[in-house]
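Shown here: model-v2.txt, compact mmCIF, C-alpha atoms.
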```txt
# COMPACT_ATOMS: atom_id res chain seq x y z
CA MET D 183 0.00 0.00 0.00
CA PRO D 184 1.62 3.29 -1.09
CA ARG D 185 2.56 5.79 1.62
CA ARG D 186 0.35 8.85 1.73
CA LEU D 187 2.07 12.21 1.25
CA THR D 188 1.29 14.69 3.98
CA THR D 189 0.63 18.38 3.63
CA ALA D 190 3.73 19.07 5.66
CA THR D 191 5.95 17.60 2.94
CA LEU D 192 4.16 19.39 0.10
CA GLU D 193 3.98 22.89 1.57
CA PRO D 194 7.72 23.61 1.83
CA LYS D 195 8.26 22.56 -1.79
CA PHE D 196 5.43 24.77 -2.94
CA VAL D 197 6.65 27.74 -0.91
CA ARG D 198 10.22 27.19 -2.07
CA GLY D 199 9.11 27.00 -5.71
CA ALA D 200 7.07 30.17 -5.39
CA ARG D 201 9.99 31.96 -3.75
CA VAL D 202 12.41 30.82 -6.46
CA GLY D 203 10.01 31.97 -9.15
CA ARG D 204 9.56 35.34 -7.47
CA GLU D 205 13.31 35.80 -7.10
CA ARG D 206 13.83 34.86 -10.74
CA ARG D 207 11.28 37.40 -11.96
CA GLU D 208 12.81 40.04 -9.71
CA LEU D 209 16.28 39.27 -11.05
CA LEU D 210 15.17 39.48 -14.70
CA ARG D 211 13.47 42.82 -14.10
CA PHE D 212 16.52 44.14 -12.28
CA GLN D 213 18.86 42.95 -15.06
CA SER D 214 16.83 44.99 -17.51
CA MET D 215 17.06 48.02 -15.20
CA VAL D 216 20.85 47.66 -14.91
CA ASP D 217 21.08 47.78 -18.71
CA GLU D 218 19.09 51.04 -18.67
CA LEU D 219 21.30 52.35 -15.88
CA SER D 220 24.43 51.59 -17.91
CA ALA D 221 23.14 53.58 -20.87
CA ALA D 222 22.03 56.47 -18.66
CA MET D 223 25.36 56.77 -16.82
CA ALA D 224 27.27 56.65 -20.13
CA ARG D 225 25.45 59.62 -21.62
CA VAL D 226 24.84 61.86 -18.58
CA PRO D 227 27.01 65.03 -18.55
CA ALA D 228 29.40 65.37 -15.62
CA ASP D 229 27.50 68.34 -14.19
CA SER D 230 24.25 66.30 -14.12
CA VAL D 231 25.65 63.15 -12.50
CA ASP D 232 24.37 64.01 -9.02
CA SER D 233 20.75 64.55 -10.06
CA GLU D 234 20.85 61.41 -12.20
CA ILE D 235 22.12 59.33 -9.27
CA ASP D 236 19.35 60.70 -7.03
CA SER D 237 16.81 59.51 -9.57
CA TRP D 238 18.33 56.06 -10.01
CA LEU D 239 18.62 55.35 -6.29
CA GLY D 240 14.85 55.65 -6.12
CA LYS D 241 14.35 53.43 -9.17
CA ILE D 242 16.61 50.72 -7.76
CA CYS D 243 14.89 50.74 -4.37
CA LEU D 244 11.41 50.59 -5.85
CA ARG D 245 12.35 47.77 -8.20
CA LEU D 246 13.86 45.71 -5.32
CA ASP D 247 11.18 46.72 -2.77
CA LEU D 248 13.68 48.53 -0.55
CA ASP D 249 13.01 51.47 1.75
CA ARG D 250 16.20 53.54 1.93
CA SER D 251 19.49 53.98 0.10
CA ALA D 252 22.53 56.23 0.22
CA ILE D 253 25.72 57.00 -1.63
CA TYR D 254 28.97 57.81 0.18
CA GLU D 255 31.94 59.44 -1.52
CA ARG D 256 35.51 60.45 -0.80
CA ASP D 257 37.64 62.55 -3.14
CA THR D 258 40.95 60.89 -2.21
CA PRO D 259 41.92 57.94 0.03
CA ALA D 260 43.25 60.41 2.60
CA GLU D 261 39.96 62.31 2.90
CA PRO D 262 36.94 61.32 5.03
CA VAL D 263 33.88 59.61 3.64
CA ARG D 264 30.76 61.75 3.38
CA MET D 265 27.16 60.94 2.49
CA THR D 266 26.28 62.72 -0.76
CA HIS D 267 22.98 61.17 -1.94
CA THR D 268 19.99 59.60 -0.22
CA TRP D 269 16.62 58.18 -1.20
CA LEU D 270 13.86 57.41 1.31
CA ARG D 271 10.46 55.82 0.89
CA PRO D 272 7.72 58.05 2.41
CA ASN D 273 6.98 57.46 6.10
CA PHE D 274 10.22 55.57 6.73
CA PRO D 275 12.93 56.73 9.14
CA PRO D 276 15.62 59.01 7.69
CA PHE D 277 19.28 58.91 8.64
CA PRO D 278 20.13 60.39 12.04
CA ARG D 279 20.57 64.16 12.16
CA ASN D 280 24.15 65.25 11.41
CA TYR D 281 24.92 61.73 10.26
CA ASP D 282 28.67 61.18 9.85
CA PRO D 283 29.75 57.67 8.77
CA HIS D 284 33.06 57.91 10.62
CA ARG D 285 31.42 59.11 13.84
CA PHE D 286 28.56 56.60 13.87
CA LEU D 287 30.20 53.67 12.08
CA GLN D 288 33.96 54.05 12.03
CA ILE D 289 34.76 50.32 12.18
CA THR D 290 32.16 49.40 9.58
CA THR D 291 33.08 52.36 7.36
CA ASP D 292 36.76 51.40 7.40
CA TRP D 293 35.78 47.79 6.64
CA VAL D 294 33.72 48.78 3.60
CA MET D 295 36.27 51.32 2.33
CA ALA D 296 38.84 48.52 2.44
CA GLY D 297 36.76 46.84 -0.28
CA ASN D 298 34.48 44.55 1.76
CA GLN D 299 30.73 44.16 1.48
CA VAL D 300 28.36 44.10 4.45
CA ILE D 301 25.28 41.98 3.66
CA PHE D 302 22.67 40.81 6.14
CA SER D 303 19.11 39.53 5.81
CA ARG D 304 18.46 40.02 9.53
CA PRO D 305 20.45 41.96 12.17
CA SER D 306 21.77 38.78 13.81
CA GLU D 307 23.85 38.12 10.67
CA ILE D 308 26.02 41.24 11.11
CA PRO D 309 29.58 40.02 11.84
CA ALA D 310 30.55 40.33 15.49
CA GLU D 311 33.71 42.31 14.63
CA LEU D 312 31.50 45.09 13.21
CA GLU D 313 30.23 45.98 16.67
CA ASP D 314 29.37 49.58 15.78
CA GLY D 315 27.29 48.28 12.87
CA ARG D 316 25.32 46.04 15.24
CA SER D 317 24.70 48.95 17.63
CA PHE D 318 23.66 51.28 14.81
CA VAL D 319 21.16 48.80 13.36
CA GLN D 320 19.76 48.03 16.81
CA ARG D 321 19.06 51.73 17.35
CA TYR D 322 18.21 53.02 13.87
CA GLY D 323 17.44 49.94 11.76
CA PRO D 324 17.20 48.57 9.08
CA LYS D 325 16.24 44.87 9.41
CA ALA D 326 18.13 43.93 6.20
CA SER D 327 20.81 45.78 4.27
CA ALA D 328 23.43 45.54 1.55
CA ILE D 329 26.43 47.90 1.76
CA ILE D 330 28.63 47.66 -1.33
CA PRO D 331 31.95 49.46 -1.93
CA MET D 332 32.17 51.59 -5.07
CA TRP D 333 35.21 50.65 -7.13
CA ALA D 334 36.58 52.98 -9.81
CA GLY D 335 40.05 53.25 -11.28
CA GLY D 336 41.32 50.34 -9.18
CA GLN D 337 40.41 51.94 -5.84
CA VAL D 338 37.39 52.38 -3.58
CA ILE D 339 35.98 55.88 -3.99
CA GLY D 340 32.90 55.38 -1.82
CA ALA D 341 30.05 53.00 -1.08
CA ALA D 342 26.34 52.46 -1.66
CA SER D 343 23.89 51.18 0.95
CA PHE D 344 20.41 49.70 0.46
CA GLY D 345 18.10 48.85 3.34
CA LYS D 346 14.70 47.34 4.18
CA PHE D 347 13.08 48.29 7.48
CA ARG D 348 9.87 46.42 8.34
CA SER D 349 10.86 42.89 7.39
CA SER D 350 13.88 40.77 6.62
CA ARG D 351 15.08 40.41 3.05
CA GLU D 352 17.04 37.70 1.31
CA TRP D 353 19.93 38.66 -0.97
CA PRO D 354 20.40 35.95 -3.62
CA ALA D 355 23.99 35.74 -4.88
CA GLU D 356 23.06 36.50 -8.50
CA LEU D 357 21.02 39.53 -7.46
CA LEU D 358 23.96 40.81 -5.40
CA ARG D 359 26.24 40.49 -8.43
CA HIS D 360 23.92 42.66 -10.49
CA LEU D 361 23.49 45.12 -7.63
CA ALA D 362 27.29 45.38 -7.37
CA LEU D 363 27.40 46.04 -11.13
CA ALA D 364 24.84 48.83 -10.71
CA VAL D 365 27.01 50.34 -7.94
CA ARG D 366 30.06 50.14 -10.19
CA LEU D 367 28.17 51.99 -12.92
CA LEU D 368 27.28 54.72 -10.42
CA ALA D 369 30.93 54.79 -9.34
CA SER D 370 32.16 55.30 -12.89
CA ALA D 371 29.87 58.32 -13.27
CA ILE D 372 31.03 59.73 -9.91
CA GLU D 373 34.66 59.20 -10.92
CA ARG D 374 34.02 61.14 -14.11
CA LYS D 375 32.36 63.91 -12.11
CA GLN D 376 35.30 64.03 -9.68
CA SER D 377 37.75 64.08 -12.58
CA GLU D 378 35.94 67.03 -14.18
CA ALA D 379 35.93 68.80 -10.80
CA ALA D 380 39.68 68.18 -10.43
CA ILE D 381 40.30 69.61 -13.91
CA ARG D 382 38.24 72.70 -13.09
CA ALA D 383 40.13 73.11 -9.82
CA ALA D 384 43.46 72.81 -11.65
CA ARG D 385 42.34 75.39 -14.20
CA THR D 386 41.31 77.72 -11.38
CA GLU D 387 44.65 77.25 -9.65
CA VAL D 388 46.50 78.03 -12.85
CA ARG D 389 44.31 81.08 -13.50
CA VAL D 390 44.94 82.34 -9.97
CA ALA D 391 48.67 81.84 -10.46
CA SER D 392 48.40 83.71 -13.76
CA ARG D 393 46.64 86.65 -12.15
CA ARG D 394 49.13 86.73 -9.29
CA ASN D 395 52.09 86.67 -11.67
CA THR D 396 50.49 89.26 -13.91
CA MET D 397 49.83 91.59 -10.99
CA SER D 398 53.33 91.00 -9.68
CA GLU D 399 54.86 92.03 -13.00
CA LEU D 400 52.46 94.96 -13.37
CA VAL D 401 53.18 96.31 -9.89
CA ALA D 402 56.91 95.78 -10.38
CA SER D 403 56.80 97.84 -13.58
CA LEU D 404 54.67 100.57 -12.02
CA SER D 405 56.78 100.79 -8.89
CA HIS D 406 59.92 101.12 -10.99
CA GLU D 407 58.34 103.92 -12.99
CA ILE D 408 56.87 105.70 -9.97
CA ASN D 409 59.94 105.46 -7.77
CA GLN D 410 62.05 107.44 -10.26
CA PRO D 411 59.97 110.66 -10.05
CA LEU D 412 59.39 110.11 -6.36
CA GLY D 413 63.14 109.96 -5.83
CA ALA D 414 63.57 113.21 -7.74
CA ILE D 415 60.80 114.89 -5.73
CA LEU D 416 62.39 113.74 -2.50
CA SER D 417 65.79 115.10 -3.55
CA ASN D 418 64.44 118.43 -4.80
CA LEU D 419 62.24 119.08 -1.78
CA GLY D 420 65.14 118.25 0.50
CA GLY D 421 67.19 120.97 -1.22
CA VAL D 422 64.33 123.46 -0.94
CA ALA D 423 64.06 122.67 2.74
CA ARG D 424 67.73 123.43 3.24
CA LEU D 425 67.42 126.73 1.32
CA LEU D 426 64.38 127.83 3.22
CA SER D 427 66.04 127.07 6.50
CA HIS D 428 68.79 129.59 5.67
CA GLY D 429 66.83 132.76 5.01
CA ASN D 430 63.17 132.45 4.44
CA PRO D 431 61.11 135.03 6.39
CA GLN D 432 59.01 132.23 7.80
CA PRO D 433 61.43 129.36 7.84
CA ALA D 434 59.55 127.33 10.40
CA LEU D 435 56.34 127.33 8.37
CA ALA D 436 58.14 126.61 5.10
CA LEU D 437 60.19 123.89 6.72
CA GLU D 438 57.07 122.29 8.17
CA ALA D 439 55.36 122.28 4.76
CA VAL D 440 58.38 120.86 3.01
CA ASN D 441 58.89 118.22 5.67
CA SER D 442 55.25 117.23 5.30
CA ALA D 443 55.79 116.84 1.56
CA ILE D 444 58.86 114.73 2.25
CA GLU D 445 56.92 112.50 4.62
CA ASP D 446 54.07 112.14 2.11
CA THR D 447 56.56 111.19 -0.56
CA LYS D 448 58.17 108.62 1.70
CA ARG D 449 54.74 107.26 2.58
CA THR D 450 53.82 106.92 -1.10
CA ALA D 451 57.02 105.03 -1.78
CA GLU D 452 56.30 102.77 1.18
CA ILE D 453 52.80 102.01 -0.15
CA VAL D 454 54.27 101.02 -3.50
CA ARG D 455 56.83 98.85 -1.74
CA ARG D 456 54.14 97.12 0.30
CA ILE D 457 51.97 96.44 -2.73
CA ARG D 458 54.92 94.91 -4.53
CA PHE D 459 55.74 92.84 -1.44
CA MET D 460 52.13 91.65 -1.24
CA PHE D 461 52.12 90.18 -4.75
CA LYS D 462 55.67 88.93 -4.72
CA LYS D 463 55.92 85.15 -4.45
CA HIS D 464 58.24 84.56 -1.53
CA ALA D 465 58.54 80.80 -1.22
CA GLU D 466 58.69 78.91 -4.48
CA HIS D 467 57.94 75.22 -4.27
CA LYS D 468 60.51 73.78 -6.64
CA THR D 469 60.67 70.01 -6.96
CA THR D 470 61.89 67.45 -9.46
CA LEU D 471 59.24 67.16 -12.20
CA ASP D 472 58.65 64.95 -15.20
CA ILE D 473 58.29 67.45 -18.05
CA ARG D 474 56.23 64.93 -20.01
CA ASP D 475 53.63 64.65 -17.26
CA LEU D 476 53.49 68.42 -16.87
CA ILE D 477 52.93 69.03 -20.58
CA ASN D 478 50.38 66.24 -20.87
CA GLU D 479 48.46 67.77 -17.95
CA VAL D 480 48.34 71.18 -19.64
CA VAL D 481 47.22 69.59 -22.91
CA ARG D 482 44.47 67.80 -21.00
CA LEU D 483 43.42 71.03 -19.30
CA THR D 484 43.09 72.79 -22.67
CA ALA D 485 41.51 69.88 -24.54
CA GLY D 486 38.04 71.44 -24.32
CA GLU D 487 39.27 74.80 -25.63
CA ALA D 488 41.14 73.09 -28.47
CA ALA D 489 38.02 71.12 -29.42
CA ILE D 490 35.87 74.26 -29.44
CA ARG D 491 38.35 76.02 -31.71
CA LYS D 492 38.85 72.86 -33.83
CA ILE D 493 42.60 72.88 -33.23
CA SER D 494 44.62 69.69 -33.00
CA VAL D 495 47.45 69.54 -30.47
CA GLN D 496 50.35 67.13 -31.00
CA THR D 497 53.21 66.37 -28.64
CA GLU D 498 56.66 65.13 -29.66
CA ILE D 499 58.69 64.40 -26.54
CA SER D 500 62.15 62.96 -26.97
CA PRO D 501 62.75 59.67 -25.13
CA SER D 502 65.94 61.22 -23.79
CA ALA D 503 64.05 64.14 -22.23
CA HIS D 504 65.04 64.29 -18.58
CA ARG D 505 63.32 65.40 -15.43
CA VAL D 506 63.59 69.08 -14.61
CA THR D 507 63.62 71.14 -11.44
CA GLY D 508 60.90 73.72 -11.04
CA ASP D 509 57.62 74.92 -9.57
CA SER D 510 54.87 72.84 -11.18
CA ILE D 511 52.17 75.55 -11.03
CA GLN D 512 54.45 78.22 -12.49
CA LEU D 513 55.67 75.94 -15.28
CA GLN D 514 52.08 74.90 -16.03
CA GLN D 515 51.26 78.60 -16.28
CA CYS D 516 54.21 79.12 -18.63
CA MET D 517 53.15 76.30 -20.96
CA LEU D 518 49.49 77.32 -20.71
CA ASN D 519 50.31 80.90 -21.75
CA LEU D 520 52.23 79.71 -24.81
CA LEU D 521 49.58 77.17 -25.76
CA MET D 522 46.72 79.68 -25.46
CA ASN D 523 48.78 82.22 -27.44
CA ALA D 524 49.13 79.60 -30.18
CA PHE D 525 45.36 78.98 -30.13
CA ASP D 526 44.71 82.73 -30.39
CA ALA D 527 47.21 83.12 -33.24
CA ILE D 528 45.47 80.40 -35.26
CA SER D 529 41.96 81.69 -34.50
CA GLU D 530 42.71 85.37 -35.19
CA GLY D 531 44.73 84.53 -38.29
CA LYS D 532 41.86 82.42 -39.65
CA SER D 533 44.39 79.76 -40.59
CA ASP D 534 43.21 76.75 -42.60
CA ARG D 535 45.93 74.67 -40.90
CA ARG D 536 44.74 74.44 -37.32
CA GLU D 537 47.65 72.63 -35.69
CA VAL D 538 49.80 73.20 -32.63
CA THR D 539 52.82 71.03 -31.90
CA ILE D 540 54.69 70.84 -28.61
CA LYS D 541 58.23 69.45 -28.83
CA VAL D 542 60.60 68.64 -25.99
CA ALA D 543 64.24 67.65 -26.52
CA PRO D 544 67.64 68.10 -24.89
CA GLU D 545 69.12 71.48 -25.79
CA LYS D 546 72.64 71.20 -24.40
CA ALA D 547 74.34 69.56 -21.46
CA GLY D 548 72.23 70.11 -18.37
CA TRP D 549 69.38 71.82 -20.22
CA LEU D 550 66.13 70.84 -21.89
CA ALA D 551 64.20 72.86 -24.52
CA ALA D 552 60.40 72.94 -24.84
CA SER D 553 58.92 74.47 -28.01
CA VAL D 554 55.39 75.40 -29.06
CA PHE D 555 54.83 75.57 -32.84
CA ASP D 556 51.69 77.22 -34.21
CA SER D 557 50.29 77.62 -37.72
CA GLY D 558 48.98 81.16 -37.25
CA ALA D 559 49.71 84.31 -39.22
CA GLY D 560 53.05 84.94 -37.53
CA ILE D 561 54.37 88.09 -35.87
CA ALA D 562 54.82 91.48 -37.49
CA PRO D 563 58.53 92.41 -37.81
CA ALA D 564 57.83 95.75 -36.10
CA ILE D 565 57.13 94.07 -32.77
CA ALA D 566 59.08 90.83 -33.14
CA SER D 567 62.01 92.16 -31.13
CA ARG D 568 59.74 93.59 -28.40
CA LEU D 569 57.48 90.60 -27.73
CA PHE D 570 58.58 90.14 -24.14
CA GLU D 571 58.31 93.80 -23.14
CA PRO D 572 55.42 95.08 -20.98
CA PHE D 573 52.20 96.06 -22.81
CA VAL D 574 53.38 94.79 -26.20
CA THR D 575 50.78 92.50 -27.76
CA THR D 576 49.71 91.05 -31.08
CA LYS D 577 46.11 90.49 -29.91
CA ARG D 578 43.24 92.88 -30.47
CA ASP D 579 42.20 92.78 -26.80
CA GLY D 580 45.49 91.73 -25.22
CA MET D 581 47.16 93.52 -22.30
CA GLY D 582 50.68 92.61 -23.36
CA LEU D 583 51.54 90.97 -20.05
CA GLY D 584 51.24 87.23 -20.81
CA LEU D 585 54.65 86.83 -22.43
CA LEU D 586 56.18 89.10 -19.82
CA VAL D 587 54.91 86.74 -17.12
CA THR D 588 56.12 83.74 -19.11
CA ARG D 589 59.60 85.21 -19.46
CA SER D 590 59.66 86.02 -15.76
CA ILE D 591 58.80 82.40 -14.88
CA VAL D 592 61.40 80.95 -17.25
CA GLU D 593 64.14 83.30 -16.09
CA GLY D 594 63.16 82.61 -12.49
CA HIS D 595 64.03 78.97 -13.22
CA GLY D 596 67.38 79.94 -14.72
CA GLY D 597 66.28 79.44 -18.34
CA ARG D 598 65.66 81.70 -21.32
CA ILE D 599 62.87 82.12 -23.87
CA TRP D 600 62.76 83.30 -27.47
CA ALA D 601 60.50 83.34 -30.54
CA THR D 602 61.41 82.16 -34.07
CA PRO D 603 59.34 82.57 -37.26
CA ASN D 604 58.49 79.24 -38.89
CA PRO D 605 59.68 78.67 -42.48
CA ASP D 606 56.15 78.39 -43.88
CA ARG D 607 53.81 80.15 -41.45
CA GLY D 608 53.34 80.76 -37.77
CA VAL D 609 55.90 81.12 -35.02
CA THR D 610 57.71 78.91 -32.52
CA PHE D 611 58.25 79.88 -28.91
CA THR D 612 61.06 77.98 -27.15
CA PHE D 613 62.14 78.06 -23.55
CA THR D 614 64.80 76.16 -21.65
CA LEU D 615 64.81 74.56 -18.22
CA PRO D 616 67.59 73.03 -16.14
CA VAL D 617 67.70 69.25 -16.01
CA ALA D 618 67.31 67.86 -12.48
CA GLU D 619 70.38 66.47 -10.83
CA LYS D 620 70.48 62.72 -11.23
CA LYS D 621 70.77 61.98 -7.51
CA ARG D 622 67.76 64.11 -6.68
CA ALA D 623 65.68 62.67 -9.54
CA ASN D 624 66.50 59.10 -8.48
CA ALA D 625 65.57 59.88 -4.89
CA LEU D 626 62.22 61.29 -6.01
CA ARG D 627 61.51 58.20 -8.12
CA ARG D 628 62.13 55.98 -5.09
CA VAL D 629 59.75 58.07 -2.98
CA GLN D 630 57.02 58.01 -5.64
CA SER D 631 57.35 54.26 -6.18
```
Show me the file's structure as structure tokens.
Amino acid sequence: MPRRLTTATLEPKFVRGARVGRERRELLRFQSMVDELSAAMARVPADSVDSEIDSWLGKICLRLDLDRSAIYERDTPAEPVRMTHTWLRPNFPPFPRNYDPHRFLQITTDWVMAGNQVIFSRPSEIPAELEDGRSFVQRYGPKASAIIPMWAGGQVIGAASFGKFRSSREWPAELLRHLALAVRLLASAIERKQSEAAIRAARTEVRVASRRNTMSELVASLSHEINQPLGAILSNLGGVARLLSHGNPQPALALEAVNSAIEDTKRTAEIVRRIRFMFKKHAEHKTTLDIRDLINEVVRLTAGEAAIRKISVQTEISPSAHRVTGDSIQLQQCMLNLLMNAFDAISEGKSDRREVTIKVAPEKAGWLAASVFDSGAGIAPAIASRLFEPFVTTKRDGMGLGLLVTRSIVEGHGGRIWATPNPDRGVTFTFTLPVAEKKRANALRRVQS
């Protein structure tokens, strides 16, 4: 007589089958969403990444029936992690006020930023070593959560957390793989946003350095010009004071007036001196630099401008080009000035050949030469010999200070700069820099490695 199957043996199989089917449908729907997410993150502009991430956090949570999510970022490994995006289902608890991952969850935060996931379907599954995570969940929830590090460029730049509050939640392995892929897609967009921000910051730093150098040169020129007549006034009034003191009917009054003029003159000279001192760069930060990296960085900074003007920029750097000693910001400013001058020459000359070439090669023992070739209209012979003088310019709206600043930077590094007409069209600006001492360059390589 066959054994009768009981309800107790049938129910678990039915429940398990229903659960597997539900998980499968959820996974297929989420796979489709990840494909959409990939396309969206690929086309979103850098300045719209944040708003796009806010939108997608909500879509992910709704698709997976989750209640809260957050994105955490750090700009560099040395900087703290901060929460930058959140999504919350209505009527569910928000994050604590003034929430700081390092203050509330230092152990867990360090664990995740080391590249580890924290996954639990119920609070009892939180590893015992993450004691602050257990305490946080006990006080603030959730009942189930997945915290996934965001990898980009071979390093962890942040993390994403997803939580469910009123019930436990299973995290099938295949679903977690796709959720980790979604987090990586968000990370790639954040990395692009951070890269654009770093480029803007570098451009700002270079522009600030340009303005400081320009003002320094301008004030130096003005103070030189002003101090000459001030010196003459001081000398002449001193003579008048001596004459008046030997026979003027009211010598005391005359002497007082003259002395006042002398003091005013001295005060004016002191003001000029202080202004010059204010803009003077006192402590240069000269280090051993790779000239190739420096030039490539400037080319990258100006890539957008070159694209707008439809100008191609080529670099030809000799394999024997050595490391140089200098201030990276000042030398970036020097190369940026020459590169932008080349762009302007091509644009204003309406040249059909829209090319700029940067060449670097050894010039002589202990020196390296960097040259910027343009295909513009060239320089008029009348001003060719005065290019590096103050207020001499070939541009319609130029101040005539850019090349003066550039020369000042180059000469401040012990080099020299000159301009040469090209055989066909355009002009080449060349400047030299001292090659770094071998011992110092080797020491820097060891530190950087």
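Taking CA of Ile499 in chain D and CA of Lys541 in chain D as endpoints, the distance between them is 5.6 Å.
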Counting all atoms listed in the file, note down every residue that has an atom within 12 Å of the point (35.2, 66.7, -12.1) (file coordinates), as a ChimeraX atom specification.
-> /D:227-232,257,370-385,483
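Counting all atoms listed in the file and comparing D:Lys468, D:Arg245, D:Arg589, D:Arg535, the residue that lies closest to Pro616 in chain D is D:Lys468.
The shortest atom-to-atom distance to Gln496 in chain D, with only C-alpha atoms taken into account, belongs to D:Thr539 out of D:Ser427, D:Asn478, D:Thr266, D:Thr539.
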List the neighbours of Gly608 in chain D out to 7 Å using all atoms listed in the file; skip same-chain residues closer than 2 positions along the sequence, and give me the result as an MDAnalysis selection string.
-> chainID D and resid 556:560 603:604
So which residues touch Ala618 in chain D within 6 Å, counting all atoms listed in the file, skipping near sequence neighbours fewer than 6 positions away, as JSON, numbers by chain?
-> {"D": [505, 506, 507]}
Hey, which of D:Ser590, D:Met332, D:Leu363, D:Ala252 ends up closest to Gln213 in chain D? Count all atoms listed in the file.
-> D:Leu363
Expressed in Å to a single decimal, how great is the separation between CA of Trp238 in chain D and CA of Arg256 in chain D?
->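 Going from CA of Trp238 in chain D over to CA of Arg256 in chain D covers 20.0 Å.
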Do a neighbour search on Ala601 in chain D at 8 Å with only C-alpha atoms, toss out local chain neighbours closer than 5 positions, and write the hits as JSON, numbers by chain.
-> {"D": [609, 610, 611, 612]}
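Distance check against Phe525 in chain D using all atoms listed in the file: of D:Leu550, D:Val338, D:Val495, D:Met215, the minimum falls on D:Val495.
Between CA of Ser251 in chain D and CA of Gly336 in chain D lies a distance of 24.0 Å.
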Write out as a VMD selection string each polymer residue whose atoms come within 7 Å of range 281-291 of chain D, counting all atoms listed in the file; drop sequence neighbours fewer than 5 positions from it.
-> chain D and resid 263 to 264 312 314 to 315
